[in-house]
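To keep things clear, I will list the structure first and then write my remarks on it.
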Amino acid sequence: VVVALAAAIPLLTYAIGRKMLDEGYALAAGLLVLFSGLYLVYWTSTDGFAVYTLVGATALYAIGRSMDETRQTGVFLTNARSAARSWLRQRRRMICEGLYIVEQRRWEWSILSGVLIGLAQLTRADGGLLLVVAAIYLVIERRPGWWRTLAVITLAFGLTVAPWLLRNVQEMGTPIVSSWGRTVFVRAYNELYWYEREATLEYYLAWGWQNIIA
(Lines give C-alpha, C1' and ligand atoms only; values in the text may rest on other atoms or scores of the structure.)
Protein backbone atom coordinates (compact mmCIF):
# COMPACT_ATOMS: atom_id res chain seq x y z
CA VAL A 1 0.00 0.00 0.00
CA VAL A 2 2.77 2.42 0.93
CA VAL A 3 4.61 1.70 -2.34
CA ALA A 4 1.42 2.38 -4.30
CA LEU A 5 0.89 5.66 -2.47
CA ALA A 6 4.52 6.65 -3.09
CA ALA A 7 4.13 5.84 -6.79
CA ALA A 8 1.13 8.16 -6.97
CA ILE A 9 3.10 11.19 -5.75
CA PRO A 10 4.87 11.95 -9.09
CA LEU A 11 1.58 11.40 -10.93
CA LEU A 12 -0.23 13.81 -8.64
CA THR A 13 2.56 16.35 -9.05
CA TYR A 14 2.32 16.07 -12.83
CA ALA A 15 -1.48 16.38 -12.77
CA ILE A 16 -1.42 19.50 -10.59
CA GLY A 17 1.37 21.04 -12.66
CA ARG A 18 -0.52 20.43 -15.90
CA LYS A 19 -3.67 21.97 -14.46
CA MET A 20 -1.94 25.07 -13.07
CA LEU A 21 0.92 25.60 -15.55
CA ASP A 22 1.60 23.67 -18.76
CA GLU A 23 2.84 20.33 -20.04
CA GLY A 24 6.55 21.17 -19.82
CA TYR A 25 6.49 22.43 -16.24
CA ALA A 26 4.23 19.56 -15.19
CA LEU A 27 6.59 16.96 -16.65
CA ALA A 28 9.63 18.61 -15.05
CA ALA A 29 7.91 18.73 -11.66
CA GLY A 30 6.87 15.10 -11.88
CA LEU A 31 10.41 14.02 -12.80
CA LEU A 32 11.90 16.04 -9.94
CA VAL A 33 9.63 14.23 -7.50
CA LEU A 34 10.31 10.86 -9.12
CA PHE A 35 14.07 11.35 -8.85
CA SER A 36 14.09 13.23 -5.56
CA GLY A 37 17.34 11.81 -4.21
CA LEU A 38 17.36 11.57 -0.42
CA TYR A 39 13.57 11.75 -0.17
CA LEU A 40 13.18 8.47 -2.06
CA VAL A 41 14.09 6.72 1.19
CA TYR A 42 11.13 8.28 2.95
CA TRP A 43 8.45 7.90 0.28
CA THR A 44 8.17 4.17 0.91
CA SER A 45 8.58 4.28 4.71
CA THR A 46 5.66 3.36 6.93
CA ASP A 47 5.61 6.52 9.07
CA GLY A 48 3.17 8.49 6.93
CA PHE A 49 5.36 10.46 4.52
CA ALA A 50 3.59 9.28 1.39
CA VAL A 51 0.13 9.75 2.88
CA TYR A 52 0.99 13.20 4.20
CA THR A 53 2.49 14.28 0.89
CA LEU A 54 -0.53 13.16 -1.12
CA VAL A 55 -3.05 14.65 1.30
CA GLY A 56 -1.09 17.87 1.80
CA ALA A 57 -0.42 18.49 -1.89
CA THR A 58 -4.05 17.90 -2.80
CA ALA A 59 -5.15 20.17 0.04
CA LEU A 60 -2.95 23.00 -1.24
CA TYR A 61 -4.33 22.54 -4.74
CA ALA A 62 -7.89 22.56 -3.40
CA ILE A 63 -7.19 25.76 -1.46
CA GLY A 64 -6.22 27.49 -4.69
CA ARG A 65 -9.26 26.18 -6.53
CA SER A 66 -11.63 27.15 -3.71
CA MET A 67 -11.59 30.83 -4.74
CA ASP A 68 -11.84 30.17 -8.47
CA GLU A 69 -14.92 27.99 -8.73
CA THR A 70 -18.24 29.79 -9.18
CA ARG A 71 -21.68 28.80 -10.42
CA GLN A 72 -23.84 31.11 -12.52
CA THR A 73 -27.51 31.32 -11.64
CA GLY A 74 -30.28 33.21 -13.39
CA VAL A 75 -32.36 35.44 -11.13
CA PHE A 76 -35.60 37.23 -12.07
CA LEU A 77 -36.18 40.51 -10.24
CA THR A 78 -39.04 42.02 -12.14
CA ASN A 79 -40.83 43.07 -8.95
CA ALA A 80 -37.80 43.65 -6.78
CA ARG A 81 -37.13 46.84 -4.98
CA SER A 82 -35.25 49.50 -6.88
CA ALA A 83 -32.27 49.28 -4.49
CA ALA A 84 -31.86 45.57 -5.26
CA ARG A 85 -32.12 46.18 -8.99
CA SER A 86 -29.55 48.96 -8.80
CA TRP A 87 -27.12 46.74 -6.85
CA LEU A 88 -27.45 43.94 -9.36
CA ARG A 89 -26.89 46.28 -12.30
CA GLN A 90 -23.61 47.35 -10.74
CA ARG A 91 -22.45 43.95 -9.56
CA ARG A 92 -23.96 41.36 -11.92
CA ARG A 93 -24.58 40.94 -15.62
CA MET A 94 -28.10 41.66 -16.87
CA ILE A 95 -29.27 39.41 -19.71
CA CYS A 96 -32.55 41.18 -20.34
CA GLU A 97 -34.94 43.36 -18.40
CA GLY A 98 -35.44 41.75 -15.01
CA LEU A 99 -33.14 38.77 -15.62
CA TYR A 100 -29.69 38.79 -14.05
CA ILE A 101 -26.86 36.27 -13.96
CA VAL A 102 -25.55 35.94 -10.42
CA GLU A 103 -22.23 34.23 -9.75
CA GLN A 104 -22.41 32.10 -6.62
CA ARG A 105 -19.45 30.55 -4.87
CA ARG A 106 -19.13 26.78 -5.17
CA TRP A 107 -18.08 25.23 -1.91
CA GLU A 108 -16.93 21.79 -3.08
CA TRP A 109 -13.24 22.72 -3.20
CA SER A 110 -13.42 24.60 0.10
CA ILE A 111 -14.97 21.60 1.83
CA LEU A 112 -12.47 19.24 0.20
CA SER A 113 -9.49 21.36 1.28
CA GLY A 114 -10.78 21.48 4.87
CA VAL A 115 -11.28 17.72 4.98
CA LEU A 116 -7.82 17.10 3.52
CA ILE A 117 -6.18 19.46 6.00
CA GLY A 118 -7.97 17.55 8.74
CA LEU A 119 -6.62 14.27 7.38
CA ALA A 120 -3.15 15.81 7.20
CA GLN A 121 -3.45 16.76 10.87
CA LEU A 122 -4.46 13.21 11.73
CA THR A 123 -1.47 11.91 9.75
CA ARG A 124 1.18 14.21 11.24
CA ALA A 125 1.16 16.59 14.17
CA ASP A 126 2.08 19.57 11.97
CA GLY A 127 -0.68 19.00 9.41
CA GLY A 128 -2.76 21.80 10.90
CA LEU A 129 -0.20 24.29 9.61
CA LEU A 130 -1.85 23.89 6.21
CA LEU A 131 -4.82 25.73 7.69
CA VAL A 132 -2.50 28.65 8.43
CA VAL A 133 -1.29 28.49 4.82
CA ALA A 134 -4.90 28.64 3.63
CA ALA A 135 -5.62 31.66 5.82
CA ILE A 136 -2.51 33.51 4.61
CA TYR A 137 -3.32 32.78 0.97
CA LEU A 138 -6.93 33.93 1.27
CA VAL A 139 -5.97 37.10 3.16
CA ILE A 140 -3.34 37.99 0.54
CA GLU A 141 -5.75 37.35 -2.34
CA ARG A 142 -8.63 39.13 -0.58
CA ARG A 143 -11.12 38.22 -3.25
CA PRO A 144 -14.83 38.83 -2.58
CA GLY A 145 -16.13 36.30 -0.06
CA TRP A 146 -12.66 35.14 1.05
CA TRP A 147 -13.67 35.07 4.70
CA ARG A 148 -16.61 32.77 3.93
CA THR A 149 -14.26 30.43 2.10
CA LEU A 150 -11.93 30.40 5.11
CA ALA A 151 -14.87 29.74 7.42
CA VAL A 152 -15.99 26.75 5.32
CA ILE A 153 -12.44 25.35 5.21
CA THR A 154 -12.07 25.75 8.97
CA LEU A 155 -15.45 24.14 9.65
CA ALA A 156 -14.66 21.16 7.40
CA PHE A 157 -11.28 20.82 9.13
CA GLY A 158 -12.91 20.87 12.57
CA LEU A 159 -15.54 18.28 11.66
CA THR A 160 -12.83 16.00 10.26
CA VAL A 161 -10.59 16.00 13.35
CA ALA A 162 -13.42 16.19 15.91
CA PRO A 163 -14.09 12.42 16.15
CA TRP A 164 -10.44 11.68 16.90
CA LEU A 165 -10.19 14.49 19.45
CA LEU A 166 -13.32 13.20 21.19
CA ARG A 167 -11.78 9.75 21.23
CA ASN A 168 -8.65 11.18 22.87
CA VAL A 169 -10.79 12.84 25.54
CA GLN A 170 -12.54 9.56 26.29
CA GLU A 171 -9.35 7.49 26.34
CA MET A 172 -6.78 9.91 27.80
CA GLY A 173 -8.75 12.80 29.24
CA THR A 174 -7.28 15.38 26.85
CA PRO A 175 -8.04 16.19 23.18
CA ILE A 176 -4.41 16.76 22.21
CA VAL A 177 -1.52 14.56 23.21
CA SER A 178 1.06 16.67 25.02
CA SER A 179 3.94 15.31 22.93
CA TRP A 180 2.60 17.00 19.78
CA GLY A 181 4.15 20.34 20.66
CA ARG A 182 7.50 18.88 21.65
CA THR A 183 8.45 18.09 18.07
CA VAL A 184 9.11 21.82 17.65
CA PHE A 185 12.22 21.51 19.83
CA VAL A 186 14.00 18.62 18.13
CA ARG A 187 17.45 19.31 16.71
CA ALA A 188 17.53 16.48 14.18
CA TYR A 189 15.01 14.23 12.50
CA ASN A 190 16.06 11.10 14.41
CA GLU A 191 15.10 12.78 17.67
CA LEU A 192 11.45 12.38 16.70
CA TYR A 193 11.82 8.76 17.76
CA TRP A 194 13.32 9.31 21.20
CA TYR A 195 11.63 7.26 23.87
CA GLU A 196 13.90 7.72 26.89
CA ARG A 197 14.21 11.51 26.78
CA GLU A 198 12.18 14.48 25.63
CA ALA A 199 13.06 17.46 23.43
CA THR A 200 12.30 20.48 25.58
CA LEU A 201 12.75 24.21 25.09
CA GLU A 202 15.78 24.21 27.39
CA TYR A 203 17.36 21.41 25.37
CA TYR A 204 16.72 23.26 22.12
CA LEU A 205 18.15 26.58 23.36
CA ALA A 206 21.25 24.81 24.67
CA TRP A 207 22.04 23.96 21.05
CA GLY A 208 23.15 27.56 20.54
CA TRP A 209 21.74 30.38 18.45
CA GLN A 210 24.21 29.79 15.64
CA ASN A 211 22.85 26.26 15.08
CA ILE A 212 19.25 27.33 15.55
CA ILE A 213 19.51 30.11 12.95
CA ALA A 214 21.47 27.94 10.55
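Labels used: A, B, ... for chains in the order of the C-alpha coordinates, numbers from 1 for residues in each chain, and numbers from 1 for ligands as shown.
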Contacts of Val1 in chain A at 12 Å (only C-alpha atoms; same-chain gap of 3+ positions) as a PDB file with N, CA and C atoms, in the first residue's frame:
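Contents of the output file result-v3.pdb:
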```pdb
ATOM      1  N   ALA A   4       2.407   1.844  -3.355  1.00  0.00           N
ATOM      2  CA  ALA A   4       1.421   2.376  -4.304  1.00  0.00           C
ATOM      3  C   ALA A   4       1.167   3.856  -4.057  1.00  0.00           C
ATOM      4  N   LEU A   5       1.084   4.245  -2.797  1.00  0.00           N
ATOM      5  CA  LEU A   5       0.894   5.659  -2.471  1.00  0.00           C
ATOM      6  C   LEU A   5       2.099   6.485  -2.915  1.00  0.00           C
ATOM      7  N   ALA A   6       3.306   5.937  -2.680  1.00  0.00           N
ATOM      8  CA  ALA A   6       4.521   6.648  -3.095  1.00  0.00           C
ATOM      9  C   ALA A   6       4.575   6.796  -4.611  1.00  0.00           C
ATOM     10  N   ALA A   7       4.127   5.772  -5.332  1.00  0.00           N
ATOM     11  CA  ALA A   7       4.135   5.839  -6.792  1.00  0.00           C
ATOM     12  C   ALA A   7       3.150   6.873  -7.317  1.00  0.00           C
ATOM     13  N   ALA A   8       2.131   7.182  -6.528  1.00  0.00           N
ATOM     14  CA  ALA A   8       1.130   8.158  -6.966  1.00  0.00           C
ATOM     15  C   ALA A   8       1.605   9.593  -6.806  1.00  0.00           C
ATOM     16  N   TRP A  43       9.738   8.098   0.947  1.00  0.00           N
ATOM     17  CA  TRP A  43       8.446   7.899   0.282  1.00  0.00           C
ATOM     18  C   TRP A  43       7.850   6.543   0.591  1.00  0.00           C
ATOM     19  N   THR A  44       8.674   5.521   0.694  1.00  0.00           N
ATOM     20  CA  THR A  44       8.170   4.166   0.915  1.00  0.00           C
ATOM     21  C   THR A  44       8.233   3.730   2.371  1.00  0.00           C
ATOM     22  N   SER A  45       8.568   4.630   3.286  1.00  0.00           N
ATOM     23  CA  SER A  45       8.585   4.277   4.707  1.00  0.00           C
ATOM     24  C   SER A  45       7.160   4.216   5.239  1.00  0.00           C
ATOM     25  N   THR A  46       6.996   3.594   6.382  1.00  0.00           N
ATOM     26  CA  THR A  46       5.658   3.355   6.934  1.00  0.00           C
ATOM     27  C   THR A  46       5.246   4.389   7.977  1.00  0.00           C
ATOM     28  N   GLY A  48       4.160   7.521   7.382  1.00  0.00           N
ATOM     29  CA  GLY A  48       3.170   8.489   6.934  1.00  0.00           C
ATOM     30  C   GLY A  48       3.637   9.521   5.937  1.00  0.00           C
ATOM     31  N   ALA A  50       4.316   9.330   2.652  1.00  0.00           N
ATOM     32  CA  ALA A  50       3.591   9.282   1.385  1.00  0.00           C
ATOM     33  C   ALA A  50       2.156   9.769   1.565  1.00  0.00           C
ATOM     34  N   VAL A  51       1.509   9.321   2.622  1.00  0.00           N
ATOM     35  CA  VAL A  51       0.127   9.747   2.878  1.00  0.00           C
ATOM     36  C   VAL A  51       0.065  11.252   3.091  1.00  0.00           C
TER      37      VAL A  51
END
```
Residues near Thr53 in chain A, cut-off 12 Å, only C-alpha atoms, skip fewer than 2 positions along chain, as a ChimeraX atom specification:
/A:2,5-10,12-13,33,39,42-44,47-51,55-60,116-117,119-121,123-124,127,130
Selected residue of minimal separation from Leu54 in chain A among A:Leu31, A:Ile136, A:Gly208, A:Ile16, counting only C-alpha atoms:
A:Ile16
Report as a PyMOL selection string all protein, DNA and RNA residues lying within 9 Å of Ile63 in chain A, evaluated on only C-alpha atoms, omitting residues in the same chain fewer than 6 positions from it.
chain A and resi 109-110+112-114+134+137-138+153
